[in-house]
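Colleague: Below is the file target29.cif, with mmCIF, C-alpha atoms and all ligand atoms.
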data_final
#
loop_
_atom_site.label_atom_id
_atom_site.label_comp_id
_atom_site.auth_asym_id
_atom_site.auth_seq_id
_atom_site.Cartn_x
_atom_site.Cartn_y
_atom_site.Cartn_z
CA MET A 1 -4.82 51.08 22.79
CA THR A 2 -5.08 47.27 22.75
CA ARG A 3 -4.50 45.04 25.74
CA ASN A 4 -1.20 43.87 24.28
CA GLU A 5 0.03 47.40 23.80
CA ALA A 6 -1.02 48.26 27.34
CA GLU A 7 0.81 45.22 28.71
CA GLU A 8 3.93 46.18 26.88
CA ILE A 9 3.99 49.77 28.01
CA LEU A 10 3.14 48.84 31.62
CA LYS A 11 5.92 46.27 31.64
CA GLU A 12 8.38 48.79 30.34
CA HIS A 13 7.56 51.01 33.32
CA GLY A 14 7.24 48.29 35.95
CA GLN A 15 3.48 48.83 36.34
CA GLU A 16 2.08 45.39 35.38
CA HIS A 17 -0.14 45.32 38.50
CA VAL A 18 -2.53 47.76 36.81
CA LEU A 19 -4.06 44.93 34.75
CA ARG A 20 -4.45 42.66 37.77
CA HIS A 21 -8.27 42.67 37.68
CA PHE A 22 -8.58 43.17 33.92
CA ASP A 23 -10.27 39.86 33.10
CA ASP A 24 -13.00 40.47 35.66
CA LEU A 25 -13.98 43.83 34.18
CA SER A 26 -16.89 44.56 31.88
CA ALA A 27 -15.98 45.34 28.28
CA GLU A 28 -16.77 48.98 28.95
CA ALA A 29 -14.53 49.14 32.02
CA GLN A 30 -11.74 47.40 30.11
CA GLU A 31 -12.02 50.00 27.39
CA GLY A 32 -11.96 52.80 29.98
CA LEU A 33 -8.86 51.45 31.69
CA LEU A 34 -7.00 51.05 28.39
CA THR A 35 -7.81 54.66 27.54
CA GLN A 36 -6.55 55.79 30.92
CA ILE A 37 -3.32 53.85 30.43
CA SER A 38 -2.80 55.44 27.03
CA GLU A 39 -3.13 58.86 28.66
CA VAL A 40 -0.60 58.34 31.46
CA ASN A 41 2.19 60.87 31.33
CA TRP A 42 5.23 58.65 31.99
CA ASP A 43 7.57 61.64 32.14
CA ASP A 44 5.64 62.91 35.16
CA LEU A 45 5.78 59.56 36.90
CA ALA A 46 9.53 59.52 36.61
CA LEU A 47 9.50 62.54 38.92
CA ALA A 48 7.85 60.69 41.83
CA GLY A 49 9.67 61.75 44.96
CA VAL A 50 11.67 64.46 43.24
CA GLN A 51 10.55 67.98 42.60
CA GLU A 52 11.41 68.92 39.05
CA LYS A 53 14.34 71.27 39.31
CA VAL A 54 13.17 74.60 38.03
CA PRO A 55 16.22 76.75 37.53
CA VAL A 56 15.81 79.67 39.90
CA GLY A 57 17.23 82.91 38.66
CA GLU A 58 18.28 86.04 40.47
CA ILE A 59 15.34 87.08 42.67
CA SER A 60 14.59 90.72 43.44
CA PRO A 61 11.55 92.58 44.78
CA LEU A 62 8.78 93.88 42.56
CA SER A 63 6.45 96.62 43.65
CA ALA A 64 2.82 96.92 42.67
CA VAL A 65 0.60 99.67 41.39
CA ASP A 66 -0.56 100.49 44.89
CA ILE A 67 -3.94 101.48 46.22
CA ASP A 68 -3.10 105.21 46.39
CA GLU A 69 -2.09 105.29 42.76
CA ILE A 70 -5.13 103.26 41.76
CA ASN A 71 -7.44 105.60 43.63
CA ALA A 72 -5.83 108.61 41.98
CA ARG A 73 -6.29 107.11 38.51
CA ARG A 74 -9.45 105.07 39.10
CA ALA A 75 -11.67 106.98 36.66
CA GLU A 76 -9.14 106.61 33.86
CA PHE A 77 -8.61 102.88 34.58
CA GLU A 78 -12.32 102.16 34.80
CA GLU A 79 -13.06 103.95 31.58
CA ALA A 80 -10.50 101.86 29.71
CA GLY A 81 -11.80 98.69 31.39
CA TYR A 82 -15.45 99.33 30.60
CA GLU A 83 -14.55 100.21 27.05
CA ALA A 84 -12.88 96.81 26.57
CA ILE A 85 -15.75 95.01 28.31
CA ARG A 86 -18.39 96.76 26.19
CA ALA A 87 -16.40 95.89 23.07
CA GLY A 88 -16.66 92.20 24.11
CA LYS A 89 -12.90 91.88 24.52
CA VAL A 90 -12.93 90.50 28.08
CA ALA A 91 -13.92 87.03 29.30
CA ALA A 92 -13.97 85.47 32.76
CA LEU A 93 -12.72 82.00 33.54
CA LEU A 94 -13.57 80.24 36.77
CA LEU A 95 -11.24 77.52 38.07
CA ALA A 96 -13.67 75.11 39.70
CA GLY A 97 -12.30 71.60 39.29
CA GLY A 98 -12.06 71.01 43.03
CA MET A 99 -14.31 69.19 45.43
CA GLY A 100 -15.35 70.52 48.83
CA THR A 101 -13.93 67.49 50.62
CA ARG A 102 -11.75 69.50 53.01
CA LEU A 103 -14.87 71.48 53.97
CA GLY A 104 -16.84 68.34 54.67
CA LEU A 105 -18.79 68.70 51.41
CA ASP A 106 -18.80 65.74 49.06
CA LYS A 107 -19.73 67.98 46.12
CA PRO A 108 -18.07 70.56 43.88
CA LYS A 109 -16.51 73.23 46.10
CA GLY A 110 -18.62 75.94 44.47
CA GLU A 111 -21.73 74.32 45.94
CA LEU A 112 -20.66 75.30 49.45
CA ASN A 113 -23.37 77.30 51.20
CA VAL A 114 -21.77 80.36 52.79
CA GLY A 115 -25.10 81.68 54.03
CA ILE A 116 -26.23 81.49 57.65
CA ASN A 117 -29.92 82.47 57.75
CA ARG A 118 -30.32 82.07 54.03
CA THR A 119 -28.73 80.04 51.27
CA LEU A 120 -25.85 81.65 49.42
CA TYR A 121 -23.74 79.25 47.41
CA LEU A 122 -20.15 80.09 46.53
CA PHE A 123 -21.02 79.78 42.82
CA GLU A 124 -23.98 82.08 43.31
CA SER A 125 -21.93 84.68 45.12
CA LEU A 126 -19.26 84.70 42.39
CA ILE A 127 -21.89 85.05 39.66
CA HIS A 128 -23.37 88.01 41.53
CA ASN A 129 -19.93 89.61 41.78
CA LEU A 130 -19.56 89.29 38.01
CA MET A 131 -23.05 90.65 37.46
CA ASP A 132 -22.13 93.79 39.41
CA VAL A 133 -19.89 94.55 36.43
CA THR A 134 -22.11 93.36 33.58
CA SER A 135 -25.06 95.36 34.85
CA VAL A 136 -23.07 98.62 34.89
CA ALA A 137 -21.43 97.79 31.55
CA GLY A 138 -24.77 96.89 29.99
CA LYS A 139 -22.97 93.99 28.36
CA SER A 140 -22.70 90.32 29.22
CA ILE A 141 -19.27 88.77 29.70
CA PRO A 142 -18.48 85.27 28.42
CA LEU A 143 -17.87 82.98 31.38
CA TYR A 144 -15.88 79.78 30.96
CA ILE A 145 -16.03 77.34 33.84
CA MET A 146 -13.32 74.74 34.25
CA THR A 147 -14.61 71.66 36.02
CA SER A 148 -12.97 68.27 36.41
CA GLU A 149 -14.01 64.73 35.54
CA LYS A 150 -14.96 64.36 39.19
CA ASN A 151 -17.45 67.22 39.28
CA ASN A 152 -18.40 68.24 35.75
CA ASP A 153 -21.82 66.62 35.46
CA GLU A 154 -22.86 67.68 38.92
CA THR A 155 -21.67 71.26 38.35
CA ILE A 156 -23.68 71.59 35.14
CA ARG A 157 -26.71 70.04 36.82
CA PHE A 158 -26.38 72.52 39.68
CA PHE A 159 -26.20 75.54 37.36
CA GLU A 160 -29.20 74.25 35.41
CA GLU A 161 -31.18 73.65 38.58
CA HIS A 162 -30.51 77.23 39.71
CA ASP A 163 -31.07 78.78 36.31
CA TYR A 164 -27.46 79.97 36.20
CA PHE A 165 -28.28 82.32 39.10
CA GLY A 166 -29.66 84.77 36.58
CA TYR A 167 -26.61 84.80 34.32
CA PRO A 168 -27.29 84.48 30.56
CA LYS A 169 -26.86 80.78 29.91
CA GLU A 170 -25.71 81.30 26.32
CA ASP A 171 -22.64 83.08 27.67
CA VAL A 172 -21.56 80.24 29.94
CA ALA A 173 -19.47 77.29 28.71
CA PHE A 174 -18.09 74.42 30.78
CA PHE A 175 -14.96 72.47 30.01
CA VAL A 176 -13.15 69.71 31.80
CA GLN A 177 -9.67 69.99 33.20
CA GLU A 178 -7.36 67.16 32.21
CA MET A 179 -6.49 64.52 34.76
CA ALA A 180 -3.17 63.07 35.86
CA ALA A 181 -2.56 59.62 37.33
CA ALA A 182 -1.35 59.33 40.93
CA VAL A 183 1.26 56.95 42.34
CA ASP A 184 2.25 55.56 45.74
CA TYR A 185 5.58 56.33 47.41
CA ASP A 186 7.24 53.61 45.32
CA GLY A 187 6.11 55.24 42.11
CA LYS A 188 3.47 52.55 41.43
CA LEU A 189 0.22 53.64 39.81
CA LEU A 190 -2.71 53.46 42.22
CA LEU A 191 -6.13 52.11 41.30
CA GLU A 192 -9.25 53.70 42.75
CA GLU A 193 -11.41 50.83 41.47
CA PRO A 194 -10.38 47.52 39.94
CA GLY A 195 -10.85 49.05 36.50
CA ARG A 196 -9.79 52.63 37.13
CA LEU A 197 -6.53 54.38 37.79
CA ALA A 198 -6.62 56.86 40.65
CA THR A 199 -6.42 60.23 38.93
CA SER A 200 -6.83 63.85 39.97
CA PRO A 201 -6.98 67.18 38.15
CA ASN A 202 -3.61 68.13 36.69
CA GLY A 203 -3.25 71.45 38.53
CA ASN A 204 -4.36 74.96 37.62
CA GLY A 205 -1.49 75.47 35.15
CA GLY A 206 -3.37 73.37 32.62
CA TRP A 207 -6.36 75.69 32.34
CA PHE A 208 -5.50 77.21 28.95
CA SER A 209 -4.45 73.98 27.27
CA SER A 210 -7.63 72.31 28.58
CA LEU A 211 -9.71 75.21 27.22
CA LYS A 212 -8.02 74.77 23.89
CA LYS A 213 -8.39 71.00 23.90
CA ALA A 214 -12.09 71.40 24.58
CA GLY A 215 -12.40 73.43 21.36
CA LEU A 216 -13.35 76.61 23.20
CA LEU A 217 -10.55 78.71 21.77
CA GLU A 218 -12.72 78.98 18.66
CA ASP A 219 -15.46 80.46 20.81
CA VAL A 220 -12.94 82.89 22.31
CA HIS A 221 -11.95 84.04 18.80
CA LYS A 222 -15.47 84.11 17.43
CA ARG A 223 -16.52 86.41 20.24
CA GLY A 224 -13.49 88.66 19.76
CA VAL A 225 -12.18 88.04 23.28
CA GLU A 226 -8.69 89.47 23.77
CA TRP A 227 -8.30 89.19 27.54
CA ILE A 228 -9.17 86.40 29.96
CA ASN A 229 -9.54 87.04 33.70
CA ILE A 230 -9.03 83.76 35.54
CA PHE A 231 -10.10 83.39 39.16
CA ALA A 232 -10.35 80.71 41.81
CA VAL A 233 -13.59 79.32 43.15
CA ASP A 234 -12.55 79.70 46.79
CA ASN A 235 -12.38 83.50 47.13
CA VAL A 236 -15.93 84.57 47.79
CA LEU A 237 -15.18 88.30 47.98
CA GLN A 238 -13.21 88.82 44.81
CA ARG A 239 -14.14 91.24 42.07
CA ILE A 240 -14.27 89.58 38.68
CA CYS A 241 -13.45 91.44 35.45
CA ASP A 242 -12.96 94.46 37.69
CA PRO A 243 -12.99 97.32 35.17
CA ALA A 244 -10.22 99.24 36.98
CA PHE A 245 -7.95 96.17 36.98
CA VAL A 246 -8.72 95.39 33.35
CA GLY A 247 -8.16 99.03 32.34
CA ALA A 248 -4.95 99.43 34.35
CA THR A 249 -3.48 96.30 32.72
CA ILE A 250 -4.45 97.41 29.21
CA LEU A 251 -3.13 100.95 29.72
CA SER A 252 0.14 99.60 31.14
CA GLY A 253 0.83 97.93 27.78
CA LYS A 254 1.65 94.68 29.60
CA VAL A 255 0.41 91.23 28.54
CA SER A 256 -0.83 90.17 31.97
CA GLY A 257 -1.87 91.46 35.36
CA SER A 258 -2.13 89.99 38.87
CA LYS A 259 -4.27 91.13 41.72
CA VAL A 260 -2.18 91.23 44.87
CA VAL A 261 -2.65 92.10 48.53
CA ARG A 262 -0.13 93.06 51.17
CA LYS A 263 0.74 89.95 53.16
CA VAL A 264 -0.22 90.01 56.83
CA ASP A 265 3.11 88.49 57.80
CA ALA A 266 6.21 86.92 56.30
CA TYR A 267 4.74 83.43 56.36
CA GLU A 268 1.23 83.96 55.08
CA LYS A 269 0.41 81.09 52.75
CA MET A 270 0.45 82.95 49.46
CA GLY A 271 2.47 83.00 46.30
CA VAL A 272 4.65 86.11 46.22
CA LEU A 273 5.30 88.27 43.19
CA CYS A 274 8.91 89.13 42.54
CA LEU A 275 11.33 89.64 39.70
CA GLU A 276 13.37 86.68 38.55
CA ASP A 277 16.23 87.62 36.26
CA GLY A 278 14.40 90.89 35.72
CA LYS A 279 11.07 89.29 34.74
CA PRO A 280 7.94 88.98 36.89
CA SER A 281 7.60 85.62 38.57
CA VAL A 282 5.65 84.07 41.44
CA VAL A 283 7.34 82.06 44.18
CA GLU A 284 4.92 79.82 46.08
CA TYR A 285 4.92 80.00 49.87
CA TYR A 286 6.11 76.42 50.31
CA GLU A 287 9.06 77.03 48.00
CA MET A 288 10.21 80.30 49.48
CA SER A 289 13.46 80.53 51.42
CA LYS A 290 13.37 81.90 54.98
CA GLU A 291 15.65 84.70 53.85
CA MET A 292 13.32 85.72 51.06
CA ALA A 293 10.22 85.49 53.25
CA GLU A 294 11.69 87.56 56.07
CA SER A 295 13.81 90.18 54.33
CA THR A 296 12.81 93.78 54.96
CA ASP A 297 13.76 97.22 53.69
CA GLU A 298 15.31 100.00 55.77
CA LYS A 299 11.87 100.92 57.16
CA GLY A 300 11.32 97.39 58.35
CA ASP A 301 8.65 96.57 55.74
CA LEU A 302 8.68 93.20 54.01
CA LEU A 303 10.64 93.34 50.75
CA TYR A 304 8.47 90.65 49.22
CA ALA A 305 5.24 92.11 50.46
CA PHE A 306 2.70 91.29 47.76
CA GLY A 307 0.85 87.99 47.70
CA VAL A 308 -1.16 86.86 44.67
CA ILE A 309 -4.85 86.15 45.27
CA LEU A 310 -5.21 83.83 42.27
CA ASN A 311 -6.98 86.43 40.14
CA TYR A 312 -5.04 87.10 36.96
CA ILE A 313 -5.70 88.64 33.59
CA PHE A 314 -3.90 87.36 30.49
CA ARG A 315 -3.81 88.57 26.89
CA VAL A 316 -5.09 85.80 24.64
CA ASP A 317 -2.48 86.16 21.89
CA LYS A 318 0.31 85.77 24.45
CA LEU A 319 -1.40 82.70 25.93
CA GLU A 320 -1.51 81.14 22.49
CA GLU A 321 2.15 81.84 22.04
CA ILE A 322 3.17 79.98 25.20
CA VAL A 323 0.55 77.22 25.27
CA GLY A 324 2.77 74.46 23.90
CA ARG A 325 5.67 75.26 26.21
CA HIS A 326 6.57 72.92 29.02
CA LEU A 327 5.43 74.00 32.45
CA PRO A 328 7.41 72.55 35.37
CA VAL A 329 5.68 69.68 37.12
CA HIS A 330 5.12 70.01 40.85
CA VAL A 331 5.07 66.75 42.76
CA VAL A 332 2.65 66.98 45.68
CA GLU A 333 2.20 64.49 48.52
CA LYS A 334 -1.47 63.69 49.06
CA LYS A 335 -3.90 61.27 50.68
CA ILE A 336 -5.04 59.13 47.77
CA PRO A 337 -7.81 56.55 48.22
CA TYR A 338 -6.89 53.28 46.50
CA ILE A 339 -7.70 49.58 46.36
CA ASP A 340 -5.22 47.15 47.78
CA GLU A 341 -4.20 43.81 46.27
CA ALA A 342 -7.26 42.09 47.70
CA GLY A 343 -9.49 44.72 46.12
CA ASN A 344 -10.42 46.55 49.37
CA LEU A 345 -10.86 50.30 49.18
CA ILE A 346 -8.44 52.06 51.53
CA LYS A 347 -8.95 55.69 52.54
CA PRO A 348 -5.61 56.74 54.01
CA GLU A 349 -5.49 59.07 57.03
CA SER A 350 -2.13 60.50 56.07
CA PRO A 351 -0.41 61.10 52.71
CA ASN A 352 0.40 57.89 50.87
CA GLY A 353 1.58 58.99 47.47
CA TYR A 354 2.15 61.68 44.89
CA LYS A 355 0.03 63.70 42.53
CA PHE A 356 1.47 65.67 39.62
CA GLU A 357 0.42 69.21 38.92
CA THR A 358 1.36 72.19 36.83
CA LEU A 359 0.67 75.59 38.36
CA VAL A 360 -0.62 78.83 36.92
CA VAL A 361 2.03 80.71 38.90
CA ASP A 362 4.60 79.26 36.51
CA MET A 363 2.76 80.84 33.60
CA ILE A 364 3.58 84.28 34.99
CA ARG A 365 7.25 83.53 34.45
CA MET A 366 6.50 82.77 30.80
CA MET A 367 4.71 86.02 30.20
CA ASP A 368 7.03 88.81 29.16
CA ASP A 369 5.63 91.11 31.76
CA ASN A 370 2.97 91.43 34.39
CA LEU A 371 1.25 94.27 36.20
CA PRO A 372 0.94 93.65 39.96
CA TYR A 373 -2.21 95.48 41.01
CA GLU A 374 -2.88 96.00 44.70
CA VAL A 375 -6.36 95.56 46.14
CA VAL A 376 -7.75 96.09 49.63
CA ARG A 377 -7.69 92.66 51.23
CA GLU A 378 -10.68 93.25 53.51
CA LYS A 379 -12.72 94.00 50.41
CA GLU A 380 -11.43 91.44 47.94
CA PHE A 381 -9.77 88.53 49.65
CA ALA A 382 -11.74 85.94 51.62
CA PRO A 383 -10.46 82.55 50.48
CA ILE A 384 -12.21 79.53 51.94
CA LYS A 385 -9.61 76.81 52.40
CA ASN A 386 -10.84 75.33 55.70
CA LEU A 387 -13.99 75.32 57.82
CA HIS A 388 -12.51 77.21 60.76
CA GLY A 389 -9.51 79.36 61.56
CA VAL A 390 -7.38 81.25 59.06
CA ASP A 391 -8.74 81.50 55.48
CA SER A 392 -11.88 79.64 56.43
CA LEU A 393 -15.63 79.66 56.03
CA ASP A 394 -15.80 81.44 59.41
CA SER A 395 -13.38 84.20 58.41
CA ALA A 396 -15.02 84.59 54.98
CA ARG A 397 -18.46 84.99 56.60
CA GLU A 398 -17.11 87.67 58.87
CA LEU A 399 -15.61 89.56 55.92
CA LEU A 400 -18.78 89.20 53.84
CA GLU A 401 -20.82 90.68 56.67
CA ARG A 402 -18.33 93.50 57.10
CA ASN A 403 -18.84 94.24 53.41
CA GLY A 404 -22.57 94.51 53.91
CA VAL A 405 -23.58 91.10 52.56
CA GLU A 406 -26.45 89.71 54.60
CA LEU A 407 -25.98 86.08 55.41
C1 LIG B 1 -0.80 77.36 42.42
C2 LIG B 1 -1.59 78.53 42.88
O1 LIG B 1 -2.21 79.20 42.07
N1 LIG B 1 -1.55 78.77 44.21
C3 LIG B 1 -2.32 79.86 44.81
C4 LIG B 1 -3.36 79.28 45.76
O2 LIG B 1 -2.71 78.53 46.74
P1 LIG B 1 -3.38 77.40 47.67
O3 LIG B 1 -2.27 76.48 48.06
O4 LIG B 1 -4.45 76.76 46.84
O5 LIG B 1 -3.96 78.11 48.84
O6 LIG B 1 -4.13 80.36 46.33
C5 LIG B 1 -3.39 81.39 47.03
C6 LIG B 1 -4.33 82.50 47.44
O7 LIG B 1 -5.40 82.03 48.17
C7 LIG B 1 -2.29 81.97 46.11
O8 LIG B 1 -1.51 82.90 46.82
C8 LIG B 1 -1.43 80.85 45.56
O9 LIG B 1 -0.47 81.37 44.68
#
How does the structure come out when it is put into structure tokens?

Modeller:
Amino acid sequence: MTRNEAEEILKEHGQEHVLRHFDDLSAEAQEGLLTQISEVNWDDLALAGVQEKVPVGEISPLSAVDIDEINARRAEFEEAGYEAIRAGKVAALLLAGGMGTRLGLDKPKGELNVGINRTLYLFESLIHNLMDVTSVAGKSIPLYIMTSEKNNDETIRFFEEHDYFGYPKEDVAFFVQEMAAAVDYDGKLLLEEPGRLATSPNGNGGWFSSLKKAGLLEDVHKRGVEWINIFAVDNVLQRICDPAFVGATILSGKVSGSKVVRKVDAYEKMGVLCLEDGKPSVVEYYEMSKEMAESTDEKGDLLYAFGVILNYIFRVDKLEEIVGRHLPVHVVEKKIPYIDEAGNLIKPESPNGYKFETLVVDMIRMMDDNLPYEVVREKEFAPIKNLHGVDSLDSARELLERNGVEL
């Protein structure tokens, strides 16, 4: 994009301020800024301050394959899962674009040390969880790691430095999540440096399109991968490519599966699986009505009892079918560092603008069906969202120790 083209498009959208420092920039920075401008999604920006209206259908409860049923059929599920894994049909995909900022760590979140008397990085722990499966299967599993512009180089450096924690390097591929520009409350694009728009990762809904854009779908096909198990970096206890989960999903004939746990109470901060117009769908905790959150059956149990733990399996052919479809954009208020008119860097203490994200939970709605698969939360759910309190480093350490992991 040339400067003139940039000027024109910025003018059209009332964003001329973006070129304020342009003449003072190096040629390289000018080039970088023009590229960023050409990548701005103007449709998203138009949503500043309004949540895109996603038509909500008729919501009804959805039950899961529960722990009793899983235990009764575990051997059968595991056999089917291991068979697919040994045939090379299953890959793992780690969502790791985030930084550890909220945990006081100015590094990729996966570099958090969860150890106490020894070092145990989040990344390391997740790799070990995956290796529990590959060592029994006698077969390596391709691992795709989604990073972001903010942490990609450092993440790769970290894996190199630690020799991939013993995982076969040739089976690991990194790719970068796409970014989205952020705006202030007036819908104006923010700059994080005189020559750079403030951007942030575009939400976890973009994982498959980013994988495709990075050219890794070819690798997926070349290896004969038919299923991808995506999982979040923050849950240190989770099982990855769990053979029973993989097998149960395959045997169900469904195109996707979600690991779920029973919520501790109506307001636990989790997305909840339900049926929407008869199809599986996830409603996020901050979008759930009080009525939906609190409704119970005749025994007094929550009707919408199963929360997703951000560990899903998807069939690749179905992902390819839906990849071009529009995912709703979620507008999220955030604290966004920016430079003011005088060029000073401001780090706001409270939210000052909007970021635009698509969410993987909306992909569930696009799948024709989904198998909710219940797991024991004390064994598989220890998300680290904060340092202390609920869903924190403290609570995760306690759960790790209870599961026999020495810290
Ligand atoms: C968009 C998305 O995937 N949100 C996930 C994710 O939410 P957070 O707001 O990041 O905590 O993790 C939760 C589990 O820890 C899960 O229940 C929820 O659905």

Colleague: What lies within 8 Å of A:Glu193 using only C-alpha atoms, ignoring chain neighbours under 3 positions off, as number ranges by chain?

Modeller: A: 196-198, 338-339, 343, 345

Colleague: Taking all atoms listed in the file into account, which of A:His326, A:Arg402, A:Lys259, A:Lys318 comes nearest ligand LIG 1 (chain B)?

Modeller: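 Result for the nearest residue to ligand LIG 1 (chain B): A:Lys259.
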
Colleague: With all atoms listed in the file as the counted atoms, please give the residues lying no more than 9 Å from A:Ala396, apart from itself and same-chain residues fewer than 4 positions off, as a PyMOL selection string.

Modeller: chain A and resi 114+235-237+381-384+391-392+400-401

Colleague: Include C-alpha atoms and write out the residues we just selected as an mmCIF file, keeping the file's coordinate frame.

Modeller:
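The resulting out37.cif:
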data_model
loop_
_atom_site.group_PDB
_atom_site.id
_atom_site.type_symbol
_atom_site.label_atom_id
_atom_site.label_comp_id
_atom_site.auth_asym_id
_atom_site.auth_seq_id
_atom_site.Cartn_x
_atom_site.Cartn_y
_atom_site.Cartn_z
ATOM 1 C CA VAL A 114 -21.770 80.360 52.790
ATOM 2 C CA ASN A 235 -12.380 83.500 47.130
ATOM 3 C CA VAL A 236 -15.930 84.570 47.790
ATOM 4 C CA LEU A 237 -15.180 88.300 47.980
ATOM 5 C CA PHE A 381 -9.770 88.530 49.650
ATOM 6 C CA ALA A 382 -11.740 85.940 51.620
ATOM 7 C CA PRO A 383 -10.460 82.550 50.480
ATOM 8 C CA ILE A 384 -12.210 79.530 51.940
ATOM 9 C CA ASP A 391 -8.740 81.500 55.480
ATOM 10 C CA SER A 392 -11.880 79.640 56.430
ATOM 11 C CA LEU A 400 -18.780 89.200 53.840
ATOM 12 C CA GLU A 401 -20.820 90.680 56.670
#

Colleague: Hey, which of A:Asn71, A:Tyr285, A:Val316, A:Asn311 ends up closest to A:Asn229? Count only C-alpha atoms.

Modeller: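 Comparing A:Asn71, A:Tyr285, A:Val316, A:Asn311 against A:Asn229, the winner is A:Asn311.
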
Colleague: Taking all atoms listed in the file into account, name the residue in A:Ser350, A:Asn204, A:Asn152, A:Asn403 that is nearest to ligand LIG 1 (chain B).

Modeller: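 Among the listed residues, the smallest separation from ligand LIG 1 (chain B) belongs to A:Asn204.
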
Colleague: Can you tell me which residues surround stretch 127-130 of chain A at a distance of at most 9 Å, considering only C-alpha atoms, apart from same-chain residues fewer than 2 positions away, and format the answer as an MDAnalysis selection string?

Modeller: chainID A and resid 92 122:125 132:135 141 164:167 236:242

Colleague: I want to know what sits within 10 Å of A:Gly14, based on all atoms listed in the file, with residues of the same chain fewer than 5 positions away left out; could you give that as a PDB file with C-alpha atoms, in the frame of the given file?

Modeller:
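Final output, around-v6.pdb:
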ATOM      1  CA  GLU A   8       3.930  46.180  26.880  1.00  0.00           C
ATOM      2  CA  ILE A   9       3.990  49.770  28.010  1.00  0.00           C
ATOM      3  CA  GLY A 187       6.110  55.240  42.110  1.00  0.00           C
ATOM      4  CA  LYS A 188       3.470  52.550  41.430  1.00  0.00           C
ATOM      5  CA  LEU A 189       0.220  53.640  39.810  1.00  0.00           C
TER       6      LEU A 189
END

Colleague: Using only C-alpha atoms and all ligand atoms, which protein or nucleic acid residues are at most 8 Å from ligand LIG 1 (chain B), as a list in words?

Modeller: Gly203, Asn204, Gly205, Ala232, Asp234, Asn235, Lys269, Met270, Gly271, Val272, Val282, Val283, Glu284, Tyr285, Gly307, Val308, Ile309, Leu310, Thr358, Leu359, Val360, Val361, Phe381, Pro383 and Lys385 of chain A

Colleague: With distances taken over all atoms listed in the file, which residue among A:Met366, A:Val260, A:Leu103, A:Ile313 lies nearest A:His388?

Modeller: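 Checking each candidate against A:His388, we get A:Leu103 as the closest.
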
Colleague: Take the point (-6.0, 96.3, 45.4) as written in the file and pick out every residue within 6 Å of it, counting all atoms listed in the file; give the list as a PDB file with C-alpha atoms, in the coordinates of the input.

Modeller:
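And here is the file that came out, selection_2.pdb:
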ATOM      1  CA  ILE A  67      -3.940 101.480  46.220  1.00  0.00           C
ATOM      2  CA  TYR A 373      -2.210  95.480  41.010  1.00  0.00           C
ATOM      3  CA  GLU A 374      -2.880  96.000  44.700  1.00  0.00           C
ATOM      4  CA  VAL A 375      -6.360  95.560  46.140  1.00  0.00           C
ATOM      5  CA  VAL A 376      -7.750  96.090  49.630  1.00  0.00           C
TER       6      VAL A 376
END

Colleague: To one decimal place, how far is atom CA of A:Pro280 from atom CA of A:Glu298 in Å?

Modeller: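 If I compute the distance from atom CA of A:Pro280 to atom CA of A:Glu298, I get 23.1 Å.
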
Colleague: Tell me which of A:Arg377, A:Lys347, A:His17, A:Arg315 sits closest to A:Val225, counting all atoms listed in the file.

Modeller: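 When distances to A:Val225 are compared using all atoms listed in the file, the smallest one comes from A:Arg315.
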
Colleague: For A:Leu95, find every residue with an atom within 7 Å (counting only C-alpha atoms), except residues of its own chain fewer than 2 positions away, and show them as a VMD selection string.

Modeller: chain A and resid 93 97 145 to 146 231 to 233

Colleague: Between atom CA of A:Val40 and atom CA of A:Ala180, what is the distance, to one decimal in Å?

Modeller: 7.0 Å

Colleague: Counting only C-alpha atoms, figure out which residue out of A:Asp66, A:Gly88, A:Met292, A:Pro337 gets nearest to A:Lys222.

Modeller: A:Gly88

Colleague: For a cutoff of 10 Å around the file-coordinate point (-0.1, 93.2, 29.8), which residues qualify once you count all atoms listed in the file? I'd like the result as an MDAnalysis selection string.

Modeller: chainID A and resid 227 246 248:258 313:315 318 367:371

Colleague: Export, as a compact mmCIF listing (two decimals), keeping the file's coordinate frame, the selected residues with C-alpha atoms.

Modeller:
# COMPACT_ATOMS: atom_id res chain seq x y z
CA TRP A 227 -8.30 89.19 27.54
CA VAL A 246 -8.72 95.39 33.35
CA ALA A 248 -4.95 99.43 34.35
CA THR A 249 -3.48 96.30 32.72
CA ILE A 250 -4.45 97.41 29.21
CA LEU A 251 -3.13 100.95 29.72
CA SER A 252 0.14 99.60 31.14
CA GLY A 253 0.83 97.93 27.78
CA LYS A 254 1.65 94.68 29.60
CA VAL A 255 0.41 91.23 28.54
CA SER A 256 -0.83 90.17 31.97
CA GLY A 257 -1.87 91.46 35.36
CA SER A 258 -2.13 89.99 38.87
CA ILE A 313 -5.70 88.64 33.59
CA PHE A 314 -3.90 87.36 30.49
CA ARG A 315 -3.81 88.57 26.89
CA LYS A 318 0.31 85.77 24.45
CA MET A 367 4.71 86.02 30.20
CA ASP A 368 7.03 88.81 29.16
CA ASP A 369 5.63 91.11 31.76
CA ASN A 370 2.97 91.43 34.39
CA LEU A 371 1.25 94.27 36.20

Colleague: Just the number, please: distance in Å from atom CA of A:Ala29 to atom CA of A:Ala6, one decimal.

Modeller: 14.3 Å

Colleague: Box for stretch 203-207 of chain A - axis-aligned, 5 Å on each of the six sides, all listed atoms - centre and size in Å to one decimal, as lines of an AutoDock Vina configuration file.

Modeller:
center_x = -3.9
center_y = 73.6
center_z = 35.4
size_x = 14.9
size_y = 14.2
size_z = 16.2
